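As provided, model-v8.txt (compact mmCIF, C-alpha atoms) reads as follows.
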```txt
# COMPACT_ATOMS: atom_id res chain seq x y z
CA MET A 1 -7.42 -0.83 -20.86
CA SER A 2 -7.99 2.89 -21.51
CA ILE A 3 -6.44 5.36 -19.09
CA ASP A 4 -8.21 8.61 -18.22
CA ARG A 5 -5.39 10.91 -17.12
CA THR A 6 -7.67 13.92 -16.70
CA ALA A 7 -10.01 12.60 -13.99
CA ARG A 8 -9.11 13.98 -10.59
CA ILE A 9 -10.74 14.80 -7.29
CA GLU A 10 -9.68 17.41 -4.76
CA LEU A 11 -10.79 18.44 -1.29
CA THR A 12 -12.78 21.60 -0.86
CA GLU A 13 -11.14 24.52 0.93
CA ASP A 14 -12.78 23.62 4.27
CA ARG A 15 -11.42 20.05 4.01
CA ALA A 16 -14.93 18.65 3.65
CA PRO A 17 -15.15 15.49 1.54
CA ALA A 18 -15.24 16.07 -2.19
CA ARG A 19 -16.93 13.54 -4.45
CA ARG A 20 -17.11 12.61 -8.13
CA VAL A 21 -18.92 9.82 -9.94
CA ASP A 22 -16.97 8.01 -12.62
CA PRO A 23 -18.72 7.11 -15.91
CA ARG A 24 -17.94 3.47 -15.08
CA GLY A 25 -20.44 3.68 -12.21
CA PHE A 26 -18.32 4.07 -9.09
CA ALA A 27 -17.83 7.08 -6.85
CA GLU A 28 -14.62 8.64 -5.56
CA GLU A 29 -14.52 10.61 -2.32
CA ALA A 30 -11.48 12.53 -1.09
CA LEU A 31 -11.57 12.89 2.68
CA PHE A 32 -9.76 12.91 6.01
CA PHE A 33 -10.40 10.25 8.65
CA GLY A 34 -8.99 9.08 11.97
CA PRO A 35 -7.98 11.10 15.05
CA PRO A 36 -9.02 14.78 14.84
CA ASP A 37 -5.56 15.92 15.98
CA ALA A 38 -3.72 13.88 13.31
CA PRO A 39 -6.15 12.90 10.52
CA LEU A 40 -5.12 10.76 7.60
CA TYR A 41 -5.89 11.71 4.00
CA GLY A 42 -7.51 9.15 1.74
CA VAL A 43 -9.62 8.58 -1.34
CA LEU A 44 -12.46 6.07 -1.08
CA HIS A 45 -13.60 4.38 -4.28
CA THR A 46 -17.12 3.00 -3.83
CA PRO A 47 -18.56 0.63 -6.45
CA GLY A 48 -21.89 0.20 -8.13
CA LEU A 49 -25.15 0.53 -6.24
CA MET A 50 -23.36 1.70 -3.11
CA ALA A 51 -22.06 4.72 -5.02
CA SER A 52 -25.57 5.74 -6.10
CA GLY A 53 -27.14 5.03 -2.73
CA GLY A 54 -29.11 2.09 -4.13
CA GLY A 55 -27.49 -0.56 -1.95
CA THR A 56 -25.65 -0.89 1.34
CA GLU A 57 -24.01 -4.32 1.13
CA PRO A 58 -20.75 -4.56 -0.83
CA ILE A 59 -20.38 -7.64 -3.01
CA TYR A 60 -16.67 -7.93 -2.33
CA PRO A 61 -14.43 -6.97 0.60
CA PRO A 62 -12.62 -3.63 0.58
CA ILE A 63 -9.06 -3.32 -0.70
CA ILE A 64 -6.82 -1.05 1.37
CA HIS A 65 -3.73 0.32 -0.40
CA ILE A 66 -0.54 0.75 1.58
CA HIS A 67 1.97 2.83 -0.36
CA SER A 68 5.74 2.62 -0.46
CA PHE A 69 8.30 5.14 0.76
CA GLY A 70 9.74 8.43 -0.50
CA ILE A 71 10.20 8.72 -4.24
CA GLU A 72 8.60 5.29 -4.72
CA GLN A 73 5.32 6.57 -3.25
CA VAL A 74 5.27 9.38 -5.79
CA ALA A 75 6.39 7.32 -8.78
CA ALA A 76 3.87 4.52 -8.16
CA TYR A 77 0.99 6.86 -7.35
CA ARG A 78 -0.69 6.75 -10.74
CA MET A 79 -0.50 2.95 -10.86
CA GLU A 80 -2.32 2.81 -7.53
CA VAL A 81 -4.98 5.26 -8.72
CA GLU A 82 -5.66 3.26 -11.87
CA PHE A 83 -5.85 0.02 -9.91
CA ALA A 84 -8.27 1.43 -7.31
CA ARG A 85 -10.56 2.73 -10.05
CA ALA A 86 -10.49 -0.59 -11.90
CA ALA A 87 -11.13 -2.45 -8.63
CA ALA A 88 -14.17 -0.29 -7.85
CA ALA A 89 -15.46 -0.83 -11.37
CA ALA A 90 -15.13 -4.59 -10.72
CA GLY A 91 -17.11 -4.37 -7.47
CA PHE A 92 -14.36 -3.99 -4.85
CA PRO A 93 -14.47 -0.93 -2.58
CA ALA A 94 -10.95 0.52 -2.44
CA LEU A 95 -9.29 2.94 -0.06
CA ARG A 96 -6.05 4.69 -0.93
CA PHE A 97 -4.59 6.67 1.94
CA HIS A 98 -1.41 8.38 3.05
CA LEU A 99 0.43 7.11 6.11
CA THR A 100 1.17 9.45 9.02
CA GLY A 101 3.32 12.39 7.92
CA CYS A 102 3.28 11.27 4.27
CA GLY A 103 1.64 13.12 1.40
CA ASP A 104 -1.40 15.04 2.65
CA SER A 105 -1.77 13.23 5.98
CA HIS A 106 -1.03 15.01 9.23
CA GLY A 107 1.63 13.92 11.71
CA GLU A 108 5.37 14.15 12.09
CA PHE A 109 7.15 12.14 9.39
CA ALA A 110 10.43 12.23 11.33
CA ARG A 111 8.86 10.11 14.07
CA LEU A 112 7.27 7.52 11.78
CA THR A 113 7.85 3.90 12.82
CA PHE A 114 6.59 0.51 11.67
CA ASP A 115 4.21 0.30 14.65
CA ARG A 116 2.81 3.72 13.75
CA MET A 117 2.19 2.59 10.17
CA VAL A 118 0.43 -0.57 11.39
CA ASP A 119 -1.75 1.65 13.58
CA ASP A 120 -2.56 3.73 10.49
CA VAL A 121 -3.83 0.59 8.76
CA ARG A 122 -5.87 -0.16 11.90
CA THR A 123 -7.35 3.33 11.62
CA ALA A 124 -8.19 2.74 7.93
CA VAL A 125 -9.99 -0.52 8.76
CA ALA A 126 -11.94 1.19 11.55
CA PHE A 127 -12.95 3.96 9.14
CA LEU A 128 -14.21 1.44 6.60
CA ASP A 129 -16.00 -0.48 9.34
CA GLY A 130 -17.82 2.73 10.22
CA ARG A 131 -18.91 2.98 6.60
CA GLY A 132 -20.17 -0.61 6.63
CA LEU A 133 -17.26 -1.75 4.47
CA GLY A 134 -14.86 -3.22 7.01
CA ARG A 135 -15.65 -6.91 6.61
CA TRP A 136 -12.62 -9.08 5.85
CA PRO A 137 -10.43 -6.40 4.22
CA VAL A 138 -7.81 -7.14 1.61
CA LEU A 139 -4.49 -5.40 2.28
CA LEU A 140 -2.51 -4.40 -0.82
CA GLY A 141 1.06 -3.32 -0.10
CA VAL A 142 3.49 -1.82 -2.58
CA ARG A 143 7.22 -2.42 -1.94
CA LEU A 144 7.80 -1.30 1.69
CA GLY A 145 4.02 -1.13 2.00
CA ALA A 146 3.98 -4.92 1.54
CA GLU A 147 5.99 -5.26 4.75
CA ILE A 148 3.44 -3.06 6.54
CA ALA A 149 0.58 -5.13 5.09
CA VAL A 150 1.99 -8.36 6.53
CA ARG A 151 2.62 -6.81 9.94
CA ALA A 152 -0.87 -5.27 9.96
CA ALA A 153 -2.49 -8.59 9.01
CA VAL A 154 -0.82 -10.23 12.02
CA ALA A 155 -1.78 -7.37 14.35
CA LEU A 156 -5.40 -7.02 13.23
CA GLY A 157 -6.55 -10.54 12.39
CA GLY A 158 -9.59 -10.98 10.16
CA VAL A 159 -7.75 -10.00 6.96
CA ARG A 160 -9.22 -11.81 3.95
CA ALA A 161 -6.18 -11.66 1.69
CA LEU A 162 -2.81 -10.06 1.17
CA ILE A 163 -1.68 -8.62 -2.15
CA LEU A 164 2.02 -7.80 -2.22
CA TRP A 165 3.46 -5.93 -5.19
CA GLU A 166 7.22 -6.55 -5.36
CA PRO A 167 7.77 -6.83 -1.58
CA VAL A 168 11.14 -5.64 -0.31
CA GLY A 169 11.73 -8.49 2.14
CA SER A 170 14.20 -7.02 4.62
CA PRO A 171 13.49 -3.37 5.58
CA ARG A 172 17.16 -2.91 6.48
CA ALA A 173 18.26 -4.12 3.05
CA TYR A 174 15.63 -1.87 1.48
CA PHE A 175 16.92 1.24 3.25
CA ASP A 176 20.46 0.28 2.23
CA SER A 177 19.26 0.10 -1.38
CA LEU A 178 17.82 3.62 -1.11
CA LEU A 179 21.13 4.93 0.15
CA ARG A 180 22.92 3.04 -2.63
CA SER A 181 20.64 4.71 -5.20
CA LEU A 182 21.76 8.07 -3.83
CA LEU A 183 25.41 7.13 -4.43
CA ILE A 184 24.64 5.85 -7.94
CA SER A 185 22.77 9.07 -8.75
CA ALA A 186 25.78 11.12 -7.66
CA LEU A 187 28.13 9.05 -9.84
CA ALA A 188 25.78 9.41 -12.82
CA GLN A 189 26.10 13.18 -12.42
CA GLY A 190 29.87 12.99 -12.27
CA ARG A 191 30.10 13.62 -8.52
CA LYS A 192 32.25 11.46 -6.25
CA SER A 193 31.22 12.13 -2.70
CA GLY A 194 33.48 9.55 -1.07
CA GLU A 195 30.45 8.33 0.87
CA THR A 196 29.46 4.67 1.28
CA VAL A 197 26.25 3.02 2.40
CA ALA A 198 27.85 2.51 5.80
CA SER A 199 28.89 6.16 6.14
CA LEU A 200 25.46 7.38 5.05
CA THR A 201 23.84 5.07 7.60
CA GLU A 202 26.07 6.58 10.25
CA ARG A 203 25.02 10.07 9.13
CA VAL A 204 21.37 9.10 9.56
CA ARG A 205 22.17 7.96 13.10
CA ALA A 206 24.26 11.01 14.00
CA GLU A 207 22.38 13.78 12.18
CA GLY A 208 18.84 12.39 12.31
CA SER A 209 18.23 12.08 8.57
CA VAL A 210 19.74 11.96 5.08
CA ASP A 211 18.08 13.32 1.97
CA VAL A 212 17.50 10.54 -0.57
CA LEU A 213 16.57 12.02 -3.94
CA GLY A 214 14.45 14.73 -2.34
CA TYR A 215 12.90 12.64 0.44
CA PRO A 216 14.37 12.35 3.95
CA LEU A 217 15.28 8.99 5.43
CA HIS A 218 14.89 9.51 9.18
CA ARG A 219 16.66 7.91 12.10
CA ALA A 220 13.46 6.70 13.82
CA LEU A 221 12.44 4.55 10.87
CA CYS A 222 15.94 3.22 10.23
CA GLU A 223 16.41 2.23 13.86
CA ASP A 224 13.03 0.50 13.76
CA ALA A 225 13.97 -1.61 10.72
CA ARG A 226 14.38 -4.85 12.65
CA PRO A 227 13.52 -8.17 11.00
CA PHE A 228 9.89 -9.13 11.51
CA VAL A 229 9.16 -12.79 12.22
CA ILE A 230 5.54 -13.89 11.94
CA PRO A 231 4.69 -15.50 15.29
CA GLU A 232 3.72 -19.16 15.33
CA GLY A 233 -0.03 -19.60 15.37
CA ALA A 234 -0.64 -16.07 14.05
CA ALA A 235 -3.79 -15.69 11.97
CA VAL A 236 -2.21 -13.89 9.04
CA SER A 237 -4.59 -14.33 6.11
CA PRO A 238 -6.09 -17.29 4.23
CA ASP A 239 -4.61 -16.22 0.88
CA ALA A 240 -1.82 -14.10 -0.53
CA LEU A 241 -0.87 -12.95 -4.01
CA VAL A 242 2.77 -11.98 -4.45
CA VAL A 243 3.50 -10.16 -7.70
CA SER A 244 6.96 -9.83 -9.20
CA ILE A 245 7.27 -6.89 -11.58
CA GLY A 246 10.23 -6.70 -13.92
CA LYS A 247 12.00 -8.32 -16.86
CA ARG A 248 14.11 -10.77 -14.88
CA MET A 249 14.71 -14.46 -15.42
CA ARG A 250 13.70 -15.34 -11.85
CA ALA A 251 12.11 -13.75 -8.80
CA PRO A 252 14.50 -11.93 -6.44
CA THR A 253 15.45 -13.41 -3.09
CA ALA A 254 13.26 -10.91 -1.25
CA ILE A 255 10.15 -12.36 -2.88
CA THR A 256 11.08 -15.98 -2.26
CA ASP A 257 11.81 -15.11 1.39
CA VAL A 258 8.38 -13.51 1.80
CA LEU A 259 6.67 -16.50 0.16
CA GLY A 260 8.50 -18.89 2.48
CA ALA A 261 7.58 -16.92 5.60
CA LEU A 262 3.89 -16.76 4.67
CA ALA A 263 3.65 -20.40 3.59
CA ALA A 264 5.25 -21.48 6.88
CA ARG A 265 2.28 -19.90 8.69
CA GLY A 266 -0.33 -21.64 6.57
CA VAL A 267 -1.06 -18.89 4.05
CA ARG A 268 -2.03 -20.15 0.59
CA CYS A 269 0.39 -18.22 -1.61
CA GLU A 270 0.24 -17.67 -5.34
CA THR A 271 2.72 -15.79 -7.47
CA ARG A 272 2.34 -13.86 -10.68
CA GLU A 273 4.98 -12.29 -12.90
CA VAL A 274 4.30 -9.06 -14.74
CA ARG A 275 6.81 -8.37 -17.49
CA ASP A 276 7.07 -4.60 -17.30
CA GLU A 277 9.39 -1.94 -16.01
CA PRO A 278 9.06 -1.39 -12.24
CA GLY A 279 7.05 1.83 -12.17
CA TRP A 280 8.41 3.05 -8.84
CA GLN A 281 11.81 3.57 -10.44
CA PHE A 282 10.53 6.27 -12.79
CA ASN A 283 9.32 9.70 -11.70
CA GLU A 284 7.96 10.46 -15.15
CA ASN A 285 5.50 12.85 -16.72
CA PRO A 286 3.08 11.41 -17.67
CA SER A 287 3.33 8.97 -14.77
CA HIS A 288 4.11 5.33 -15.41
CA VAL A 289 1.10 3.00 -15.49
CA CYS A 290 0.96 -0.77 -15.75
CA PRO A 291 -2.36 -2.13 -17.07
CA ALA A 292 -1.03 -5.70 -16.91
CA LEU A 293 -0.45 -5.35 -13.16
CA THR A 294 -3.99 -4.04 -12.64
CA GLU A 295 -5.57 -6.77 -14.76
CA THR A 296 -3.51 -9.55 -13.16
CA THR A 297 -4.38 -8.45 -9.64
CA ILE A 298 -8.11 -7.97 -10.23
CA ARG A 299 -8.35 -11.32 -12.03
CA TRP A 300 -6.81 -13.03 -9.01
CA CYS A 301 -9.16 -11.21 -6.63
CA ARG A 302 -12.24 -12.29 -8.54
CA GLU A 303 -11.02 -15.87 -8.83
CA ARG A 304 -10.00 -16.19 -5.19
CA ILE A 305 -12.75 -14.14 -3.48
CA SER A 306 -16.16 -15.07 -4.83
CA ALA A 307 -19.36 -13.16 -4.27
CA ALA A 308 -20.96 -16.36 -2.95
CA GLU A 309 -18.26 -16.66 -0.29
CA MET A 310 -18.79 -13.08 0.87
CA ALA A 311 -22.58 -13.55 0.97
CA GLY A 312 -22.02 -16.09 3.72
CA ARG A 313 -20.01 -13.66 5.84
CA ARG A 314 -22.54 -11.26 7.27
CA THR A 315 -20.69 -10.53 10.50
CA PRO A 316 -18.32 -7.59 10.02
CA LEU A 317 -15.04 -7.30 11.87
CA GLY A 318 -15.46 -6.17 15.43
CA ARG A 319 -15.01 -2.47 15.91
CA ILE A 320 -11.29 -1.83 15.96
CA GLU A 321 -10.19 0.71 18.49
CA VAL A 322 -8.10 3.54 17.08
CA ARG A 323 -5.07 4.07 19.28
```
Would you kindly transcribe this structure into structure tokens?
Amino acid sequence: MSIDRTARIELTEDRAPARRVDPRGFAEEALFFGPPDAPLYGVLHTPGLMASGGGTEPIYPPIIHIHSFGIEQVAAYRMEVEFARAAAAAGFPALRFHLTGCGDSHGEFARLTFDRMVDDVRTAVAFLDGRGLGRWPVLLGVRLGAEIAVRAAVALGGVRALILWEPVGSPRAYFDSLLRSLLISALAQGRKSGETVASLTERVRAEGSVDVLGYPLHRALCEDARPFVIPEGAAVSPDALVVSIGKRMRAPTAITDVLGALAARGVRCETREVRDEPGWQFNENPSHVCPALTETTIRWCRERISAAEMAGRRTPLGRIEVR
């Protein structure tokens, strides 16, 4: 798969949508959507005839990207861009967007919670519904974004599929791992701070935040990191793809835990292993990309979600109120 690292799209100075058409036949539109007082930034990738105005019905459901946290959002950004472009080229509308207070979205990052992030996904679905694209969305979550995808699927209903790239499992354990990476980074630079994960956690509670490799970890999110149990009878999603990325002998416990929780609620789960370096661990220039991850995910989408199936679903999701 060839990678075009030069293609980019930016908003105009007045924040009006900016648009480009890719040689592969899809369009990209950078825009803001959602509440006027706290709009979210996103890029909508529209495939085929829809991009040229020659058709209004998408062949496949839209894929909504939910990014990870802090440095992982930045490091994995290019992988998400390449996937969204490949998905649009394959016929899937794709929306990449920034959660409240993250990246170019408005809002106060220090007050971000899991409920707020689920509401952001609700806002994204409502936006796509307004564009005629909101039928049976696919939620793709990266790392912590996978946790948000599962919670959003339960809250929204009507989600066609979940795609979880290296889910973190326990949010509390994930935040502990971020703090541990801070300690390891200090040791690698020859600095012994005397801090521990426990003492850093206490600093977050007492001071409100701790800087983790240039990105703050705030008290509101840490205190909200309670285990999420999928309620019995919840309509999560018919299908889920859980992708393990790395060069390990077996999937980590976090992934097996997520698979077990989904399967217990009737979700048909499939797993794939991509033998590559986890891109979110490298803030490189040029950015890390993973063509195998893109190809594996799109192949699964086309096998699991057929055009014939979607042709029989002409009733879009009900309008979802933005709270």
Report, in Å to a single decimal, how far apart CA of Ile64 (chain A) and CA of Pro47 (chain A) are. 14.2 Å
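Close contacts of region 88-102 of chain A, defined as residues with an atom at most 7 Å away when counting all atoms listed in the file, with chain neighbours fewer than 4 positions off set aside, comprise A:Arg24, A:Gly25, A:Phe26, A:Leu40, A:Tyr41, A:Gly42, A:Val43, A:Leu44, A:His45, A:Thr46, A:Pro47, A:Gly48, A:Ile59, A:Tyr60, A:Pro61, A:Pro62, A:Ile63, A:Ile64, A:His65, A:Ala84, A:His106, A:Gly107, A:Glu108, A:Phe109, A:Leu112, A:Met117, A:Asp120.
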Dump as an mmCIF file, in the frame of the given file, selection limited to C-alpha atoms:
```cif
data_model
loop_
_atom_site.group_PDB
_atom_site.id
_atom_site.type_symbol
_atom_site.label_atom_id
_atom_site.label_comp_id
_atom_site.auth_asym_id
_atom_site.auth_seq_id
_atom_site.Cartn_x
_atom_site.Cartn_y
_atom_site.Cartn_z
ATOM 1 C CA ARG A 24 -17.940 3.470 -15.080
ATOM 2 C CA GLY A 25 -20.440 3.680 -12.210
ATOM 3 C CA PHE A 26 -18.320 4.070 -9.090
ATOM 4 C CA LEU A 40 -5.120 10.760 7.600
ATOM 5 C CA TYR A 41 -5.890 11.710 4.000
ATOM 6 C CA GLY A 42 -7.510 9.150 1.740
ATOM 7 C CA VAL A 43 -9.620 8.580 -1.340
ATOM 8 C CA LEU A 44 -12.460 6.070 -1.080
ATOM 9 C CA HIS A 45 -13.600 4.380 -4.280
ATOM 10 C CA THR A 46 -17.120 3.000 -3.830
ATOM 11 C CA PRO A 47 -18.560 0.630 -6.450
ATOM 12 C CA GLY A 48 -21.890 0.200 -8.130
ATOM 13 C CA ILE A 59 -20.380 -7.640 -3.010
ATOM 14 C CA TYR A 60 -16.670 -7.930 -2.330
ATOM 15 C CA PRO A 61 -14.430 -6.970 0.600
ATOM 16 C CA PRO A 62 -12.620 -3.630 0.580
ATOM 17 C CA ILE A 63 -9.060 -3.320 -0.700
ATOM 18 C CA ILE A 64 -6.820 -1.050 1.370
ATOM 19 C CA HIS A 65 -3.730 0.320 -0.400
ATOM 20 C CA ALA A 84 -8.270 1.430 -7.310
ATOM 21 C CA HIS A 106 -1.030 15.010 9.230
ATOM 22 C CA GLY A 107 1.630 13.920 11.710
ATOM 23 C CA GLU A 108 5.370 14.150 12.090
ATOM 24 C CA PHE A 109 7.150 12.140 9.390
ATOM 25 C CA LEU A 112 7.270 7.520 11.780
ATOM 26 C CA MET A 117 2.190 2.590 10.170
ATOM 27 C CA ASP A 120 -2.560 3.730 10.490
#
```
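Going from CA of Asp276 (chain A) to CA of Gly246 (chain A) covers 5.1 Å.
Rounded to one decimal, CA of Ala263 (chain A) and CA of Ala161 (chain A) lie 13.3 Å from each other.
Distances from A:Ala220, A:Leu187, A:Ala152, A:Val142 to Val121 (chain A) were compared using only C-alpha atoms, and the smallest one belongs to A:Ala152.
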Nearby residues (only C-alpha atoms) at most 10 Å from Leu183 (chain A), same-chain spacing under 6 positions excluded, as a ChimeraX atom specification: /A:177,191-197,200,212
Residues near Arg219 (chain A), cut-off 12 Å, all atoms listed in the file, skip fewer than 5 positions along chain, as JSON, numbers by chain: {"A": [109, 110, 111, 112, 113, 175, 200, 201, 202, 203, 204, 205, 206, 207, 208, 209, 210, 211, 224, 225]}
Just the residues within 9 Å of Thr297 (chain A), please, counting all atoms listed in the file, with nothing from its chain fewer than 5 positions along; format it as a PyMOL selection string. chain A and resi 83+163+241+243+272+292+302
